[in-house]
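S.K.: Below is input-v8.cif; it holds mmCIF, C-alpha atoms.
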```
data_entry
#
loop_
_atom_site.label_atom_id
_atom_site.label_comp_id
_atom_site.auth_asym_id
_atom_site.auth_seq_id
_atom_site.Cartn_x
_atom_site.Cartn_y
_atom_site.Cartn_z
CA MET A 111 37.51 17.86 -3.53
CA ILE A 112 33.97 19.18 -3.41
CA PRO A 113 31.45 16.32 -3.25
CA PRO A 114 28.88 16.22 -6.04
CA PRO A 115 25.49 17.62 -5.11
CA ALA A 116 22.94 15.12 -3.91
CA PRO A 117 20.39 14.25 -6.59
CA ALA A 118 17.13 16.05 -6.14
CA ARG A 119 14.35 13.84 -4.88
CA PRO A 120 11.22 13.82 -6.98
CA VAL A 121 8.40 15.85 -5.54
CA ALA A 122 5.12 13.96 -5.47
CA ARG A 123 2.14 15.62 -7.03
CA HIS A 124 -0.92 16.45 -5.00
CA GLY A 125 -3.70 16.94 -7.49
CA TRP A 126 -7.23 15.63 -7.74
CA PRO A 127 -6.36 11.94 -8.38
CA GLN A 128 -4.25 11.88 -5.21
CA ALA A 129 -7.03 13.63 -3.28
CA VAL A 130 -9.62 11.12 -4.47
CA ARG A 131 -7.40 8.22 -3.44
CA THR A 132 -6.75 9.73 0.00
CA VAL A 133 -10.41 10.44 0.78
CA LEU A 134 -11.68 7.09 -0.52
CA THR A 135 -9.02 5.19 1.43
CA GLY A 136 -9.79 7.05 4.64
CA LEU A 137 -13.54 6.57 4.23
CA ALA A 138 -13.13 2.88 3.39
CA VAL A 139 -10.99 2.26 6.49
CA MET A 140 -13.55 3.98 8.73
CA VAL A 141 -16.49 2.10 7.23
CA LEU A 142 -14.66 -1.24 7.44
CA THR A 143 -13.61 -0.66 11.06
CA ALA A 144 -17.14 0.33 12.06
CA ALA A 145 -18.71 -2.57 10.16
CA LEU A 146 -16.42 -5.19 11.69
CA GLY A 147 -16.90 -3.77 15.17
CA LEU A 148 -20.68 -3.67 14.87
CA TRP A 149 -20.71 -7.14 13.38
CA ALA A 150 -18.71 -8.44 16.36
CA ALA A 151 -21.21 -6.67 18.64
CA GLY A 152 -24.13 -8.50 16.96
CA ALA A 153 -25.55 -5.57 15.00
CA ALA A 154 -25.71 -7.67 11.84
CA ASP A 155 -28.88 -9.27 13.26
CA LEU A 156 -30.80 -5.98 13.42
CA PRO A 157 -34.19 -6.12 11.71
CA ASP A 158 -35.22 -4.38 8.49
CA ASP A 159 -31.72 -4.67 6.97
CA ALA A 160 -30.61 -1.82 9.21
CA PHE A 161 -26.97 -2.86 9.48
CA PRO A 162 -25.60 -0.59 6.70
CA ARG A 163 -27.47 2.40 8.15
CA VAL A 164 -26.10 1.74 11.62
CA VAL A 165 -22.61 1.56 10.12
CA ALA A 166 -23.19 4.93 8.44
CA ALA A 167 -24.41 6.41 11.73
CA THR A 168 -21.32 5.10 13.52
CA VAL A 169 -19.00 6.76 11.00
CA VAL A 170 -20.99 9.99 11.29
CA THR A 171 -20.56 10.06 15.06
CA ALA A 172 -16.88 9.16 14.69
CA VAL A 173 -16.22 12.45 12.86
CA GLY A 174 -18.28 14.51 15.29
CA GLY A 175 -21.51 14.46 13.31
CA SER A 176 -24.91 14.83 14.91
CA VAL A 177 -27.07 11.71 15.26
CA GLU A 178 -30.37 12.17 17.08
CA LEU A 179 -32.54 9.42 18.56
CA SER A 180 -36.31 9.63 18.38
CA GLY A 181 -39.20 7.52 19.56
CA ASP A 182 -42.89 6.96 19.01
CA ALA A 183 -45.26 4.86 21.11
CA GLY A 184 -48.70 5.97 20.06
CA VAL A 185 -51.08 8.53 21.53
CA PHE A 186 -50.95 7.49 25.20
CA ALA A 187 -47.29 6.67 25.47
CA ARG A 188 -43.94 8.03 24.50
CA THR A 189 -40.43 6.81 24.12
CA ARG A 190 -37.39 8.90 24.77
CA ALA A 191 -33.79 8.19 24.01
CA ALA A 192 -30.50 10.05 23.92
CA LEU A 193 -26.99 9.00 23.03
CA THR A 194 -23.69 10.87 23.16
CA VAL A 195 -20.58 8.79 22.51
CA LEU A 196 -17.70 8.81 20.06
CA PRO A 197 -16.45 5.45 18.70
CA LEU A 198 -12.84 6.53 18.96
CA SER A 199 -11.43 3.41 17.28
CA VAL A 200 -13.18 4.47 14.08
CA THR A 201 -12.10 8.07 14.63
CA LEU A 202 -8.47 7.11 15.17
CA ALA A 203 -8.35 4.80 12.15
CA GLY A 204 -9.72 7.50 9.85
CA ALA A 205 -7.44 10.19 11.29
CA LEU A 206 -4.30 8.10 10.81
CA VAL A 207 -5.12 7.22 7.20
CA LEU A 208 -6.23 10.70 6.18
CA GLY A 209 -3.28 12.33 7.93
CA ALA A 210 -0.82 10.00 6.21
CA GLY A 211 -2.48 10.57 2.85
CA PHE A 212 -2.31 14.34 3.35
CA LEU A 213 1.42 14.26 4.19
CA ARG A 214 2.55 11.71 1.60
CA PRO A 215 2.73 14.07 -1.41
CA LEU A 216 4.58 16.65 0.73
CA ARG A 217 7.44 14.40 1.82
CA HIS A 218 11.04 15.21 0.90
CA ARG A 219 10.26 18.90 1.29
CA ALA A 220 11.64 21.42 3.75
CA VAL A 221 9.37 24.36 2.95
CA ALA A 222 5.91 24.73 1.44
CA SER A 223 3.94 27.91 0.99
CA ALA A 224 0.74 28.53 2.90
CA GLY A 225 -1.14 28.71 -0.39
CA GLU A 226 0.12 25.30 -1.49
CA LEU A 227 -0.86 23.66 1.80
CA ALA A 228 -4.26 25.36 1.81
CA GLY A 229 -4.94 24.32 -1.79
CA TRP A 230 -4.07 20.68 -1.10
CA ALA A 231 -6.26 20.67 2.02
CA ALA A 232 -9.12 22.32 0.07
CA ARG A 233 -9.07 19.50 -2.50
CA LEU A 234 -9.47 16.95 0.27
CA ALA A 235 -12.27 18.98 1.89
CA ALA A 236 -14.11 19.33 -1.43
CA LEU A 237 -14.21 15.54 -1.77
CA TRP A 238 -14.89 14.93 1.93
CA LEU A 239 -18.01 17.13 1.76
CA PRO A 240 -20.14 14.88 -0.52
CA ALA A 241 -18.99 11.85 1.51
CA LEU A 242 -20.33 13.50 4.67
CA ILE A 243 -23.63 14.38 3.01
CA GLY A 244 -24.04 10.82 1.73
CA LEU A 245 -23.33 9.34 5.15
CA ALA A 246 -25.73 11.78 6.81
CA PHE A 247 -28.62 10.81 4.55
CA ALA A 248 -27.82 7.11 4.84
CA ALA A 249 -27.76 7.14 8.66
CA ARG A 250 -31.53 6.97 9.25
CA GLN A 251 -33.52 4.04 10.59
CA THR A 252 -36.45 3.12 12.87
CA PHE A 253 -36.71 -0.02 15.02
CA ALA A 254 -39.60 -1.65 16.84
CA VAL A 255 -38.98 -2.28 20.56
CA ASP A 256 -40.03 -5.73 21.73
CA VAL A 257 -42.05 -5.37 24.94
CA GLY A 258 -42.38 -9.10 25.37
CA SER A 259 -45.59 -10.70 26.60
CA GLY A 260 -47.88 -10.18 29.56
CA THR A 261 -49.52 -7.10 31.03
CA LEU A 262 -47.12 -4.65 29.42
CA SER A 263 -47.73 -6.13 25.99
CA ASP A 264 -51.50 -6.04 26.57
CA LEU A 265 -51.34 -2.36 27.59
CA ALA A 266 -49.26 -1.53 24.54
CA ASP A 267 -51.84 -3.23 22.28
CA LEU A 268 -54.77 -1.59 24.09
CA PHE A 269 -53.46 1.93 23.76
CA ASP A 270 -51.75 1.39 20.41
CA ALA A 271 -48.50 2.11 22.17
CA ALA A 272 -46.11 -0.32 20.51
CA PRO A 273 -42.84 1.59 20.98
CA ARG A 274 -40.49 2.40 18.13
CA ILE A 275 -37.07 4.00 18.45
CA GLY A 276 -35.08 5.36 15.56
CA PHE A 277 -32.19 7.58 14.71
CA THR A 278 -31.60 10.30 12.17
CA THR A 279 -28.95 12.89 11.43
CA GLU A 280 -28.83 16.66 11.35
CA VAL A 281 -27.23 17.14 7.94
CA PRO A 282 -25.98 20.75 8.41
CA LEU A 283 -24.40 19.97 11.78
CA THR A 284 -22.89 16.76 10.45
CA VAL A 285 -21.32 18.63 7.53
CA LEU A 286 -20.04 21.41 9.79
CA PHE A 287 -18.49 19.18 12.43
CA GLY A 288 -17.22 16.70 9.85
CA LEU A 289 -15.34 19.44 7.99
CA LEU A 290 -13.99 20.82 11.28
CA TRP A 291 -12.83 17.30 12.18
CA LEU A 292 -11.01 16.98 8.86
CA ALA A 293 -9.37 20.39 9.31
CA GLY A 294 -8.22 19.37 12.79
CA VAL A 295 -6.76 16.10 11.48
CA LEU A 296 -4.81 17.83 8.71
CA LEU A 297 -3.55 20.58 11.02
CA LEU A 298 -2.47 18.04 13.63
CA ALA A 299 -0.67 16.04 10.94
CA LEU A 300 1.36 19.12 10.00
CA LEU A 301 2.16 19.86 13.64
CA VAL A 302 3.18 16.33 14.52
CA ALA A 303 5.09 15.06 11.48
CA ARG A 304 8.77 15.92 11.80
CA GLY A 305 9.32 15.79 8.04
CA ALA A 306 6.26 17.76 6.96
CA PRO A 307 7.03 21.10 5.26
CA LEU A 308 5.86 24.38 6.72
CA PRO A 309 5.78 27.96 5.45
CA GLY A 310 9.17 29.61 5.92
CA ARG A 311 7.92 32.04 8.57
CA LEU A 312 6.83 29.17 10.82
CA LEU A 313 9.97 27.06 10.63
CA ARG A 314 11.69 28.59 13.65
CA ARG A 315 8.57 28.26 15.80
CA GLN A 316 8.32 24.54 15.26
CA GLU A 317 11.04 23.85 17.83
CA ALA A 318 8.62 24.54 20.68
CA VAL A 319 5.62 22.80 19.10
CA ARG A 320 6.54 19.78 17.02
CA PRO A 321 8.56 17.73 19.53
CA ALA A 322 5.88 18.16 22.21
CA ALA A 323 3.02 17.46 19.79
CA HIS A 324 4.78 14.36 18.49
CA ALA A 325 5.37 13.21 22.06
CA MET A 326 1.65 13.45 22.84
CA VAL A 327 0.71 11.43 19.76
CA GLU A 328 3.25 8.80 20.78
CA LEU A 329 1.80 8.76 24.30
CA LEU A 330 -1.79 8.34 23.14
CA LEU A 331 -0.89 5.64 20.61
CA ALA A 332 1.23 3.83 23.20
CA CYS A 333 -1.76 3.76 25.54
CA VAL A 334 -3.87 2.24 22.77
CA VAL A 335 -1.20 -0.42 22.10
CA VAL A 336 -1.02 -1.32 25.80
CA ALA A 337 -4.83 -1.57 25.93
CA LEU A 338 -4.84 -3.71 22.78
CA VAL A 339 -2.33 -6.16 24.23
CA THR A 340 -4.32 -6.32 27.46
CA ALA A 341 -7.56 -6.94 25.56
CA LEU A 342 -6.03 -9.73 23.48
CA ILE A 343 -4.58 -11.41 26.56
CA THR A 344 -8.01 -11.19 28.21
CA ALA A 345 -9.66 -12.68 25.15
CA VAL A 346 -7.27 -15.64 25.15
CA ALA A 347 -7.47 -16.20 28.90
CA ARG A 348 -11.20 -15.68 29.49
CA GLY A 349 -12.85 -16.05 26.10
CA HIS A 350 -15.60 -13.64 24.99
CA GLY A 351 -13.73 -13.07 21.73
CA ALA A 352 -16.61 -11.32 19.95
CA THR A 353 -17.07 -8.84 22.80
CA VAL A 354 -13.35 -8.09 22.90
CA TRP A 355 -13.17 -7.47 19.15
CA ALA A 356 -16.22 -5.23 19.32
CA LEU A 357 -14.42 -3.19 21.97
CA VAL A 358 -11.17 -3.10 20.00
CA LEU A 359 -12.82 -2.00 16.75
CA LEU A 360 -15.24 0.52 18.24
CA GLY A 361 -14.04 1.89 21.56
CA LEU A 362 -10.51 0.81 22.47
CA PRO A 363 -9.13 4.38 22.66
CA ASN A 364 -12.12 5.32 24.83
CA LEU A 365 -10.92 2.78 27.39
CA ALA A 366 -7.19 3.39 26.92
CA TRP A 367 -7.37 7.17 27.30
CA LEU A 368 -9.80 6.90 30.23
CA ALA A 369 -7.19 4.70 31.94
CA LEU A 370 -4.52 7.31 31.12
CA THR A 371 -6.43 10.07 32.92
CA LEU A 372 -7.25 7.81 35.87
CA GLY A 373 -3.57 6.99 36.23
CA LEU A 374 -2.83 10.71 36.37
CA GLY A 375 -5.25 10.99 39.30
CA ALA A 376 -8.30 12.36 37.48
CA THR A 377 -11.87 11.63 38.56
CA TRP A 378 -14.81 10.70 36.36
CA ASP A 379 -18.43 10.66 37.55
CA GLY A 380 -20.58 7.87 36.23
CA ARG A 381 -23.59 5.64 36.64
CA VAL A 382 -24.86 2.47 34.98
CA ASP A 383 -28.49 1.44 35.29
CA GLY A 384 -30.61 -1.09 33.43
CA PRO A 385 -29.42 -3.37 30.63
CA PHE A 386 -26.52 -1.14 29.62
CA ALA A 387 -23.13 -2.73 30.10
CA LEU A 388 -19.83 -0.91 29.85
CA PRO A 389 -17.42 -2.49 27.32
CA MET A 390 -14.73 -2.35 29.99
CA PRO A 391 -13.34 -4.51 32.78
CA PRO A 392 -16.02 -5.77 35.16
CA VAL A 393 -14.59 -3.66 37.98
CA LEU A 394 -15.84 -0.49 36.27
CA ASP A 395 -19.34 -1.87 35.94
CA GLU A 396 -19.32 -2.86 39.61
CA ILE A 397 -18.26 0.63 40.69
CA LEU A 398 -20.71 2.52 38.50
CA ARG A 399 -23.79 0.32 38.87
CA THR A 400 -25.18 2.25 41.83
CA PRO A 401 -28.44 4.11 42.55
CA ASP A 402 -26.72 7.49 42.29
CA VAL A 403 -23.86 8.98 40.34
CA THR A 404 -20.57 7.79 41.81
CA ALA A 405 -16.93 8.82 41.51
CA LEU A 406 -14.56 6.72 39.43
CA ASP A 407 -10.94 7.31 40.42
CA LEU A 408 -7.86 5.46 41.60
CA GLY A 409 -9.28 5.14 45.11
CA SER A 410 -12.51 3.47 44.02
CA LEU A 411 -10.65 1.28 41.52
CA THR A 412 -8.07 0.00 43.98
CA ALA A 413 -10.78 -0.62 46.57
CA HIS A 414 -12.20 -3.22 44.16
CA ASP A 415 -8.92 -4.42 42.65
CA GLY A 416 -5.55 -3.52 44.14
CA ARG A 417 -3.78 -4.16 40.82
CA MET A 418 -5.22 -0.90 39.46
CA TRP A 419 -2.28 0.98 41.04
CA TRP A 420 -0.35 -0.23 38.00
CA LEU A 421 -2.11 2.54 36.06
CA VAL A 422 0.11 5.06 37.86
CA VAL A 423 3.26 3.07 37.06
CA VAL A 424 2.36 2.70 33.39
CA ASP A 425 1.57 6.42 33.07
CA ALA A 426 4.85 7.38 34.74
CA VAL A 427 6.94 5.10 32.49
CA LEU A 428 5.21 6.20 29.28
CA LEU A 429 5.41 9.89 30.16
CA LEU A 430 9.09 9.71 31.05
CA ALA A 431 9.81 7.85 27.80
CA VAL A 432 8.02 10.37 25.57
CA ALA A 433 9.55 13.28 27.54
CA PHE A 434 13.03 11.90 26.90
CA ARG A 435 12.29 11.41 23.19
CA MET A 436 10.88 14.94 23.00
CA ALA A 437 14.04 16.39 24.53
CA VAL A 438 16.30 14.35 22.24
CA ARG A 439 14.46 15.65 19.18
CA SER A 440 14.72 19.24 20.36
CA PRO A 441 17.73 21.53 19.80
CA SER A 442 20.37 21.24 22.50
CA ARG A 443 20.00 24.89 23.50
CA ILE A 444 16.54 24.25 24.98
CA ARG A 445 16.79 23.96 28.77
CA PRO A 446 15.09 21.33 30.98
CA TRP A 447 12.70 23.92 32.42
CA GLN A 448 11.62 24.79 28.87
CA HIS A 449 10.98 21.12 28.13
CA ALA A 450 8.89 21.04 31.29
CA LEU A 451 6.73 23.95 30.12
CA HIS A 452 6.33 22.52 26.61
CA LEU A 453 5.25 19.11 27.88
CA ALA A 454 2.97 20.60 30.54
CA VAL A 455 1.04 22.59 27.94
CA ALA A 456 0.93 19.67 25.51
CA LEU A 457 -0.26 17.15 28.12
CA ALA A 458 -2.86 19.55 29.51
CA LEU A 459 -4.30 20.06 26.02
CA SER A 460 -4.23 16.32 25.36
CA VAL A 461 -6.07 15.55 28.60
CA LEU A 462 -8.63 18.24 27.78
CA THR A 463 -9.21 16.60 24.39
CA VAL A 464 -9.62 13.18 26.02
CA CYS A 465 -12.13 14.61 28.49
CA LEU A 466 -14.18 16.24 25.73
CA THR A 467 -14.20 13.21 23.43
CA GLY A 468 -14.38 10.43 26.03
CA ARG A 469 -17.58 11.38 27.83
CA VAL A 470 -20.55 9.02 27.43
CA SER A 471 -24.24 9.68 27.95
CA ALA A 472 -27.04 7.29 26.99
CA HIS A 473 -30.63 6.88 28.09
CA TYR A 474 -33.78 5.29 26.79
CA GLY A 475 -37.17 4.61 28.30
CA LEU A 476 -40.88 4.07 27.67
CA SER A 477 -43.59 5.83 29.65
CA LEU A 478 -47.30 5.04 29.47
CA LEU A 479 -50.06 7.55 30.25
CA GLY A 480 -47.28 9.94 31.30
CA ILE A 481 -46.30 7.81 34.29
CA GLY A 482 -42.52 7.43 34.37
CA ASP A 483 -40.43 4.66 32.88
CA LEU A 484 -42.01 1.24 32.93
CA GLY A 485 -38.81 -0.45 34.07
CA GLY A 486 -37.43 -3.81 33.08
CA ASP A 487 -35.53 -3.90 29.81
CA LEU A 488 -37.36 -0.82 28.58
CA THR A 489 -35.31 1.70 30.51
CA GLY A 490 -31.64 2.26 31.02
CA GLU A 491 -29.04 4.92 31.66
CA LEU A 492 -25.31 5.10 31.12
CA LEU A 493 -23.32 8.14 32.21
CA LEU A 494 -19.58 8.83 32.27
CA ARG A 495 -18.29 12.39 32.49
CA PRO A 496 -14.95 13.82 33.66
CA ARG A 497 -14.13 16.51 36.16
CA VAL A 498 -12.44 18.43 33.40
CA TRP A 499 -10.39 21.10 35.13
CA GLN A 500 -9.10 18.75 37.79
CA ALA A 501 -7.88 16.41 35.04
CA VAL A 502 -6.31 19.26 33.04
CA GLY A 503 -4.50 20.60 36.10
CA LEU A 504 -3.12 17.17 36.96
CA GLY A 505 -2.00 16.73 33.35
CA ALA A 506 -0.10 20.02 33.49
CA LEU A 507 1.57 18.99 36.78
CA TRP A 508 2.62 15.59 35.43
CA GLY A 509 3.88 17.28 32.26
CA LEU A 510 6.04 19.69 34.25
CA VAL A 511 7.72 16.91 36.20
CA ALA A 512 8.12 14.49 33.29
CA GLY A 513 9.33 17.22 30.92
CA PHE A 514 12.00 18.41 33.37
CA LEU A 515 13.25 14.87 34.07
CA GLY A 516 13.24 14.05 30.36
CA GLY A 517 15.29 17.17 29.66
CA LEU A 518 17.85 16.19 32.30
CA LEU A 519 18.13 12.63 30.97
CA ALA A 520 18.62 13.88 27.41
CA ARG A 521 21.54 16.20 28.26
CA PRO A 522 24.29 13.62 27.59
CA VAL A 523 22.68 12.64 24.27
CA ARG A 524 23.89 14.34 21.11
CA ARG A 525 21.11 16.31 19.45
CA GLY A 526 20.48 18.58 16.51
CA GLY A 527 21.32 22.24 16.83
CA SER A 528 18.89 24.31 14.79
CA VAL A 529 16.17 24.30 12.23
CA ASP A 530 18.48 25.80 9.59
CA GLY A 531 20.93 22.99 10.04
CA ALA A 532 18.20 20.41 9.73
CA MET A 533 16.97 22.09 6.53
CA ARG A 534 20.47 21.99 5.02
CA ARG A 535 20.85 18.31 5.86
CA ARG A 536 17.51 17.51 4.21
CA ARG A 537 18.40 19.47 1.09
CA GLY A 538 21.81 17.81 0.74
CA PRO A 539 25.31 19.31 0.41
CA VAL A 540 25.69 22.73 -1.18
#
```
Please, can you express the file's structure as structure tokens?
M.R.:
Amino acid sequence: MIPPPAPARPVARHGWPQAVRTVLTGLAVMVLTAALGLWAAGAADLPDDAFPRVVAATVVTAVGGSVELSGDAGVFARTRAALTVLPLSVTLAGALVLGAGFLRPLRHRAVASAGELAGWAARLAALWLPALIGLAFAARQTFAVDVGSGTLSDLADLFDAAPRIGFTTEVPLTVLFGLLWLAGVLLLALLVARGAPLPGRLLRRQEAVRPAAHAMVELLLACVVVALVTALITAVARGHGATVWALVLLGLPNLAWLALTLGLGATWDGRVDGPFALPMPPVLDEILRTPDVTALDLGSLTAHDGRMWWLVVVDAVLLLAVAFRMAVRSPSRIRPWQHALHLAVALALSVLTVCLTGRVSAHYGLSLLGIGDLGGDLTGELLLRPRVWQAVGLGALWGLVAGFLGGLLARPVRRGGSVDGAMRRRRGPV
């Protein structure tokens, strides 16, 4: 007896109402995450009702937008400031929500035309554009810098040099990078999601891309989860709850993915000077608070705290786990050496992305009559930059080893055979 055909699943629509809901939800999540993180960091006490504008600036930087700092200290003095940092907690929250919203109307599908996917993405981009412009114009504010009392205050009054520091946005650059960020999120969602439809011509090529891409997303999210658990345990054991929540809601992936690269053996160069404080374990601040730029790696970490060798163990366990899952999801005809190549490329690209998005550079200072920074709380520098190609090479090496071992471990496990077979199973019996 021939079984009755499986009932066709309804195909969700992806028109303008769905696009509006997706964009508004993604924007709301990013704004809420940034607002709560800044509130925990004490930004709600900023003068001149600047809190909403600082929130807008945080969201702008989270999508790659351009925020510039400026200063003014009268005729005989000048202020200078610079800031380059991505609040990756806000970035990650927005990417997850927008990616899920983009894929939701496409579920229960095996194939979608390139035109359909492009049209659905264009609707989201058309609504994301005015949101970017609104954020860019809202992210502008100027603050007065308190120089305290004494000689410095008298000099500032004498020369009309009361310093002010503000921030503004470059609207064209913000729009450009914000749209590129959205395009990257949507493309990554298609690459990673196992159930997302693709144009027919690309279906057979997904076998080499999707399992490895999904493995890297799992790895990065697992690192964030481990860092979150560690942060919560620290908050319970040592207090400082507000500081911990500020870190979680603004920069937890910054810390988690930095730890991932350090566990792989990568080196970051950094320096902390002045009132800046890294939102990280005290050991990092101790290593980097030096007169000159210093190297941050496993050697320097373990010299201060021997427990930091656990970073290597955690990386090895997570990589082997995602390599095994990648191999299990792949067709059985793919050999272990092919898994090794796939994971090596994927991990190298992931480490490169972490290096490009995780760097930090911040400086501010006040000079009077052109004579250097005046010191005290009026100058500071924070620098953290990776040795990119060393990190990428180590990522590729770890990927080769983990991918090969994962392929060997997955051999006894029953796996799918081909894309065509998977498509038939998703469509139901014929």
S.K.: Would you mind telling me which residue in A:Ala352, A:Leu286, A:Leu360, A:Ala203 lies nearest to A:Leu331 when using all atoms listed in the file?
M.R.: A:Ala203
S.K.: With only C-alpha atoms as the atoms that count, which of A:Val393, A:Trp378, A:Ala231, A:Ala241 lies nearest to A:Val141?
M.R.: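 Of the candidates, the smallest distance to A:Val141 is held by A:Ala241.
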S.K.: My list of candidates is A:Val281, A:Trp355, A:Leu227, A:Thr171. Which is closest to A:Gly152 when distances are computed with all atoms listed in the file?
M.R.: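 Using all atoms listed in the file, A:Gly152 sits closest to A:Trp355.
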S.K.: Could you list, as a count of residues only, every residue within 7 Å of A:Asp402, counting all atoms listed in the file and ignoring same-chain residues fewer than 2 positions away?
M.R.: 3
S.K.: Given the PyMOL selection byres ((chain A and resi 342-345) around 12) and the file above, list the residues it selects as JSON, numbers by chain.
M.R.: {"A": [335, 336, 337, 338, 339, 340, 341, 346, 347, 348, 349, 350, 351, 352, 353, 354, 355, 356, 357, 358, 362, 390, 391, 392]}
S.K.: Write the selection just made, keeping C-alpha atoms, as a JSON list (two decimals), in the coordinates of the input?
M.R.:
```json
[["chain", "number", "residue", "atom", "x", "y", "z"],
["A", 335, "VAL", "CA", -1.20, -0.42, 22.10],
["A", 336, "VAL", "CA", -1.02, -1.32, 25.80],
["A", 337, "ALA", "CA", -4.83, -1.57, 25.93],
["A", 338, "LEU", "CA", -4.84, -3.71, 22.78],
["A", 339, "VAL", "CA", -2.33, -6.16, 24.23],
["A", 340, "THR", "CA", -4.32, -6.32, 27.46],
["A", 341, "ALA", "CA", -7.56, -6.94, 25.56],
["A", 346, "VAL", "CA", -7.27, -15.64, 25.15],
["A", 347, "ALA", "CA", -7.47, -16.20, 28.90],
["A", 348, "ARG", "CA", -11.20, -15.68, 29.49],
["A", 349, "GLY", "CA", -12.85, -16.05, 26.10],
["A", 350, "HIS", "CA", -15.60, -13.64, 24.99],
["A", 351, "GLY", "CA", -13.73, -13.07, 21.73],
["A", 352, "ALA", "CA", -16.61, -11.32, 19.95],
["A", 353, "THR", "CA", -17.07, -8.84, 22.80],
["A", 354, "VAL", "CA", -13.35, -8.09, 22.90],
["A", 355, "TRP", "CA", -13.17, -7.47, 19.15],
["A", 356, "ALA", "CA", -16.22, -5.23, 19.32],
["A", 357, "LEU", "CA", -14.42, -3.19, 21.97],
["A", 358, "VAL", "CA", -11.17, -3.10, 20.00],
["A", 362, "LEU", "CA", -10.51, 0.81, 22.47],
["A", 390, "MET", "CA", -14.73, -2.35, 29.99],
["A", 391, "PRO", "CA", -13.34, -4.51, 32.78],
["A", 392, "PRO", "CA", -16.02, -5.77, 35.16]]
```
S.K.: When you draw a straight line from atom CA of A:Leu146 to atom CA of A:Asp159, how long is it in Å?
M.R.: 16.0 Å
S.K.: Nearest residue to A:Ile243 out of A:Leu301, A:Glu226, A:Ile444, A:Gly175, using all atoms listed in the file?
M.R.: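 Answer, going by the shortest atom-to-atom distance: A:Gly175.
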S.K.: Taking only C-alpha atoms into account, name the residue in A:Leu359, A:Leu429, A:Leu206, A:Ala366 that is nearest to A:Trp149.
M.R.: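 Using only C-alpha atoms, A:Trp149 sits closest to A:Leu359.
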S.K.: Which is closest to A:Leu198 among A:Trp447, A:Trp367, A:Trp508, A:Trp499, if we use all atoms listed in the file?
M.R.: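 When distances to A:Leu198 are compared using all atoms listed in the file, the smallest one comes from A:Trp367.
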S.K.: Could you add N, CA, C and O atoms to stretch 211-220 of chain A and give me the result as a CSV table (one decimal), in the coordinates of the input?
M.R.:
```csv
chain,number,residue,atom,x,y,z
A,211,GLY,N,-2.2,10.2,4.2
A,211,GLY,CA,-2.5,10.6,2.8
A,211,GLY,C,-2.2,12.0,2.6
A,211,GLY,O,-1.8,12.4,1.5
A,212,PHE,N,-2.5,12.9,3.5
A,212,PHE,CA,-2.3,14.3,3.4
A,212,PHE,C,-0.8,14.7,3.3
A,212,PHE,O,-0.4,15.5,2.5
A,213,LEU,N,0.0,14.0,4.1
A,213,LEU,CA,1.4,14.3,4.2
A,213,LEU,C,2.2,13.6,3.1
A,213,LEU,O,3.3,14.1,2.7
A,214,ARG,N,1.7,12.5,2.5
A,214,ARG,CA,2.6,11.7,1.6
A,214,ARG,C,3.0,12.5,0.4
A,214,ARG,O,4.2,12.5,0.1
A,215,PRO,N,2.2,13.3,-0.3
A,215,PRO,CA,2.7,14.1,-1.4
A,215,PRO,C,3.7,15.2,-1.0
A,215,PRO,O,4.3,15.8,-1.9
A,216,LEU,N,3.7,15.5,0.3
A,216,LEU,CA,4.6,16.6,0.7
A,216,LEU,C,5.9,16.2,1.3
A,216,LEU,O,6.7,17.0,1.7
A,217,ARG,N,6.2,14.9,1.2
A,217,ARG,CA,7.4,14.4,1.8
A,217,ARG,C,8.6,14.9,1.0
A,217,ARG,O,8.5,15.3,-0.2
A,218,HIS,N,9.8,14.8,1.5
A,218,HIS,CA,11.0,15.2,0.9
A,218,HIS,C,11.1,16.7,0.7
A,218,HIS,O,11.7,17.2,-0.2
A,219,ARG,N,10.3,17.5,1.4
A,219,ARG,CA,10.3,18.9,1.3
A,219,ARG,C,10.6,19.5,2.6
A,219,ARG,O,10.3,19.0,3.7
A,220,ALA,N,11.3,20.7,2.5
A,220,ALA,CA,11.6,21.4,3.8
A,220,ALA,C,10.7,22.6,4.0
A,220,ALA,O,10.4,22.9,5.1
```
